[in-house]
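Visitor: The following block contains the structure, expressed as structure tokens.
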Amino acid sequence: MRNFVLGIIGVFLITSVALLISSKTNASDKISKSTDSEIIVDEKGHSKDWNSTWIIIHDPNNETGKLKLIVEKNLWNLIQVGQRYRASYEKKGRAEYVNNPKTPYRLMQITYPGNPDDVPLR
């Protein structure tokens with residue numbers, strides 16, 4: 001009986017250590033890439049079922065080209081094509097996901113540049 005209990009405790013400890021190591025490995029694989037900049041909205045789009053809404057933007061102060069930003073539906077309705085905004089956007093996840101240029105960013109915050117209080121559109 002004693003050997004059985006010691007065996008159970010040993011299996012529990014080995015499993016706990018293995019889970020701890022794997023969780024630390026997965027956490028270190030996650031990275032993020034974020035940007036705060038002035039943007040101009042070039043296009044707005046949505047999926048057929050409206051489950052996904054986005055904007056296509058470019059940064060007039062940087063030659064990064066056009067970027068796709070995923071936007072919440074309620075916020076998407078307030079954004080105007082051709083308008084200049086200040087925005088924060090980011091990508092989070094595994095390195096291969098974040099570093100893939102086809103992966104869209106997620107819009108975190110957006111304000112009008114002339115807004116004296118920097119109050120977000122939300």
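In the structure tokens, each chain is lettered A, B, ... as it comes, each chain's residues begin at 1, and ligands are numbered from 1 in order of appearance.
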May I have the residues within 6 Å of Asp59 of chain A as a list in words, using only C-alpha atoms and disregarding those fewer than 2 positions away in the same chain?

Guide: Glu38, Ile39, Asn61 and Asn62 of chain A

Visitor: Take the residues just selected and output them with N, CA and C atoms as a compact mmCIF listing (two decimals), in the first residue's frame.

Guide:
```txt
# COMPACT_ATOMS: atom_id res chain seq x y z
N GLU A 38 -0.41 57.98 -36.87
CA GLU A 38 -1.47 58.66 -37.60
C GLU A 38 -1.79 57.81 -38.82
N ILE A 39 -3.07 57.64 -39.10
CA ILE A 39 -3.48 56.81 -40.23
C ILE A 39 -4.50 57.55 -41.08
N ASN A 61 2.90 59.18 -42.78
CA ASN A 61 4.25 59.55 -42.36
C ASN A 61 5.25 58.41 -42.51
N ASN A 62 4.81 57.28 -43.05
CA ASN A 62 5.65 56.10 -43.12
C ASN A 62 5.30 55.33 -44.39
```

Visitor: Quick one: residues within 10 Å of segment 82-85 of chain A, only C-alpha atoms, excluding same-chain residues fewer than 2 positions away - as a PyMOL selection string?

Guide: chain A and resi 37-43+57-60+79-80+87-88+110-115

Visitor: Can I get the selection written as a PDB file, in the first residue's frame, with N, CA and C atoms?

Guide:
```
ATOM      1  N   SER A  37       0.155  55.414 -34.394  1.00  0.00           N
ATOM      2  CA  SER A  37       0.526  56.315 -35.476  1.00  0.00           C
ATOM      3  C   SER A  37      -0.694  57.052 -36.016  1.00  0.00           C
ATOM      4  N   GLU A  38      -0.408  57.984 -36.874  1.00  0.00           N
ATOM      5  CA  GLU A  38      -1.466  58.660 -37.603  1.00  0.00           C
ATOM      6  C   GLU A  38      -1.791  57.806 -38.819  1.00  0.00           C
ATOM      7  N   ILE A  39      -3.075  57.641 -39.101  1.00  0.00           N
ATOM      8  CA  ILE A  39      -3.480  56.813 -40.229  1.00  0.00           C
ATOM      9  C   ILE A  39      -4.504  57.551 -41.079  1.00  0.00           C
ATOM     10  N   ILE A  40      -4.637  57.116 -42.321  1.00  0.00           N
ATOM     11  CA  ILE A  40      -5.724  57.551 -43.197  1.00  0.00           C
ATOM     12  C   ILE A  40      -6.456  56.291 -43.636  1.00  0.00           C
ATOM     13  N   VAL A  41      -7.775  56.315 -43.513  1.00  0.00           N
ATOM     14  CA  VAL A  41      -8.596  55.161 -43.878  1.00  0.00           C
ATOM     15  C   VAL A  41      -8.833  55.186 -45.386  1.00  0.00           C
ATOM     16  N   ASP A  42      -8.420  54.102 -46.068  1.00  0.00           N
ATOM     17  CA  ASP A  42      -8.581  53.997 -47.516  1.00  0.00           C
ATOM     18  C   ASP A  42      -9.845  53.240 -47.908  1.00  0.00           C
ATOM     19  N   GLU A  43     -10.190  52.205 -47.142  1.00  0.00           N
ATOM     20  CA  GLU A  43     -11.352  51.376 -47.466  1.00  0.00           C
ATOM     21  C   GLU A  43     -11.956  50.833 -46.184  1.00  0.00           C
ATOM     22  N   ILE A  57      -5.899  50.748 -44.187  1.00  0.00           N
ATOM     23  CA  ILE A  57      -5.337  52.061 -43.858  1.00  0.00           C
ATOM     24  C   ILE A  57      -3.918  52.191 -44.418  1.00  0.00           C
ATOM     25  N   HIS A  58      -3.435  53.418 -44.422  1.00  0.00           N
ATOM     26  CA  HIS A  58      -2.005  53.655 -44.637  1.00  0.00           C
ATOM     27  C   HIS A  58      -1.561  54.777 -43.701  1.00  0.00           C
ATOM     28  N   ASP A  59      -0.292  54.777 -43.380  1.00  0.00           N
ATOM     29  CA  ASP A  59       0.310  55.782 -42.514  1.00  0.00           C
ATOM     30  C   ASP A  59       0.953  56.828 -43.419  1.00  0.00           C
ATOM     31  N   PRO A  60       0.456  58.071 -43.435  1.00  0.00           N
ATOM     32  CA  PRO A  60       1.010  59.085 -44.336  1.00  0.00           C
ATOM     33  C   PRO A  60       2.444  59.495 -43.999  1.00  0.00           C
ATOM     34  N   ILE A  79     -16.254  55.091 -38.302  1.00  0.00           N
ATOM     35  CA  ILE A  79     -15.045  55.426 -39.060  1.00  0.00           C
ATOM     36  C   ILE A  79     -15.420  55.824 -40.485  1.00  0.00           C
ATOM     37  N   GLN A  80     -14.790  56.893 -40.983  1.00  0.00           N
ATOM     38  CA  GLN A  80     -15.096  57.404 -42.319  1.00  0.00           C
ATOM     39  C   GLN A  80     -13.904  57.214 -43.251  1.00  0.00           C
ATOM     40  N   ALA A  87      -4.248  56.313 -34.248  1.00  0.00           N
ATOM     41  CA  ALA A  87      -4.714  54.974 -33.900  1.00  0.00           C
ATOM     42  C   ALA A  87      -3.622  54.150 -33.230  1.00  0.00           C
ATOM     43  N   SER A  88      -4.074  53.184 -32.439  1.00  0.00           N
ATOM     44  CA  SER A  88      -3.212  52.162 -31.847  1.00  0.00           C
ATOM     45  C   SER A  88      -3.718  50.821 -32.351  1.00  0.00           C
ATOM     46  N   ILE A 110      -8.806  54.516 -31.443  1.00  0.00           N
ATOM     47  CA  ILE A 110      -8.739  55.459 -32.552  1.00  0.00           C
ATOM     48  C   ILE A 110      -9.344  56.786 -32.109  1.00  0.00           C
ATOM     49  N   THR A 111      -8.687  57.902 -32.482  1.00  0.00           N
ATOM     50  CA  THR A 111      -9.179  59.240 -32.145  1.00  0.00           C
ATOM     51  C   THR A 111      -8.984  60.154 -33.342  1.00  0.00           C
ATOM     52  N   TYR A 112      -9.748  61.231 -33.374  1.00  0.00           N
ATOM     53  CA  TYR A 112      -9.518  62.267 -34.374  1.00  0.00           C
ATOM     54  C   TYR A 112      -8.259  63.031 -33.972  1.00  0.00           C
ATOM     55  N   PRO A 113      -7.377  63.375 -34.910  1.00  0.00           N
ATOM     56  CA  PRO A 113      -6.156  64.089 -34.526  1.00  0.00           C
ATOM     57  C   PRO A 113      -6.410  65.469 -33.953  1.00  0.00           C
ATOM     58  N   GLY A 114      -7.477  66.148 -34.354  1.00  0.00           N
ATOM     59  CA  GLY A 114      -7.770  67.482 -33.837  1.00  0.00           C
ATOM     60  C   GLY A 114      -8.522  67.462 -32.525  1.00  0.00           C
ATOM     61  N   ASN A 115      -8.760  66.302 -31.968  1.00  0.00           N
ATOM     62  CA  ASN A 115      -9.513  66.142 -30.740  1.00  0.00           C
ATOM     63  C   ASN A 115      -8.645  66.623 -29.568  1.00  0.00           C
TER      64      ASN A 115
END
```

Visitor: So that I can see what lies close to segment 63-72 of chain A, please list as a ChimeraX atom specification the residues with an atom at most 9 Å from it, counting only C-alpha atoms and leaving out residues fewer than 4 positions away in the same chain.

Guide: /A:42,52-59,76-77,89-90,101-108

Visitor: When DSSP is applied to the backbone of this structure, which of segment 50-81 of chain A are assigned helix (DSSP H, G or I)? Write them out as a VMD selection string.

Guide: chain A and resid 73 to 76

Visitor: For those residues, write C-alpha atoms to a file as an mmCIF file, in the first residue's frame.

Guide:
```cif
data_model
loop_
_atom_site.group_PDB
_atom_site.id
_atom_site.type_symbol
_atom_site.label_atom_id
_atom_site.label_comp_id
_atom_site.auth_asym_id
_atom_site.auth_seq_id
_atom_site.Cartn_x
_atom_site.Cartn_y
_atom_site.Cartn_z
ATOM 1 C CA LYS A 73 -18.659 46.367 -35.618
ATOM 2 C CA ASN A 74 -19.937 49.318 -33.542
ATOM 3 C CA LEU A 75 -16.712 51.239 -34.013
ATOM 4 C CA TRP A 76 -16.579 50.389 -37.738
#
```

Visitor: Work out how far atom CA of Asn100 of chain A is from atom CA of Thr35 of chain A, in Å to one decimal.

Guide: 15.7 Å

Visitor: Might you pull out every residue within 8 Å of Ile31 of chain A, with only C-alpha atoms counted and same-chain residues fewer than 3 positions away left off, and present them as a PDB file with C-alpha atoms, in the first residue's frame?

Guide:
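Dumped everything to out.pdb:
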```
ATOM      1  CA  SER A  28       7.685  32.517 -24.137  1.00  0.00           C
ATOM      2  CA  LYS A  92      -0.501  39.123 -30.536  1.00  0.00           C
ATOM      3  CA  GLY A  93       0.344  35.444 -30.703  1.00  0.00           C
ATOM      4  CA  ARG A  94       3.030  33.038 -31.772  1.00  0.00           C
ATOM      5  CA  ALA A  95       5.996  34.529 -33.638  1.00  0.00           C
ATOM      6  CA  VAL A  98       2.686  37.924 -35.687  1.00  0.00           C
TER       7      VAL A  98
END
```

Visitor: Write down as a list in words the residues belonging to segment 30-62 of chain A that are assigned strand (DSSP E or B) by DSSP computed on the backbone.

Guide: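 So the strand (DSSP E or B) residues in segment 30-62 of chain A would be Lys30, Ile31, Ser32, Lys33, Ser34, Thr35, Asp36, Ser37, Glu38, Ile39, Ile40, Val41, Asp42, Glu43, Lys44, Gly45, His46, Thr53, Trp54, Ile55, Ile56, Ile57 and His58 of chain A.
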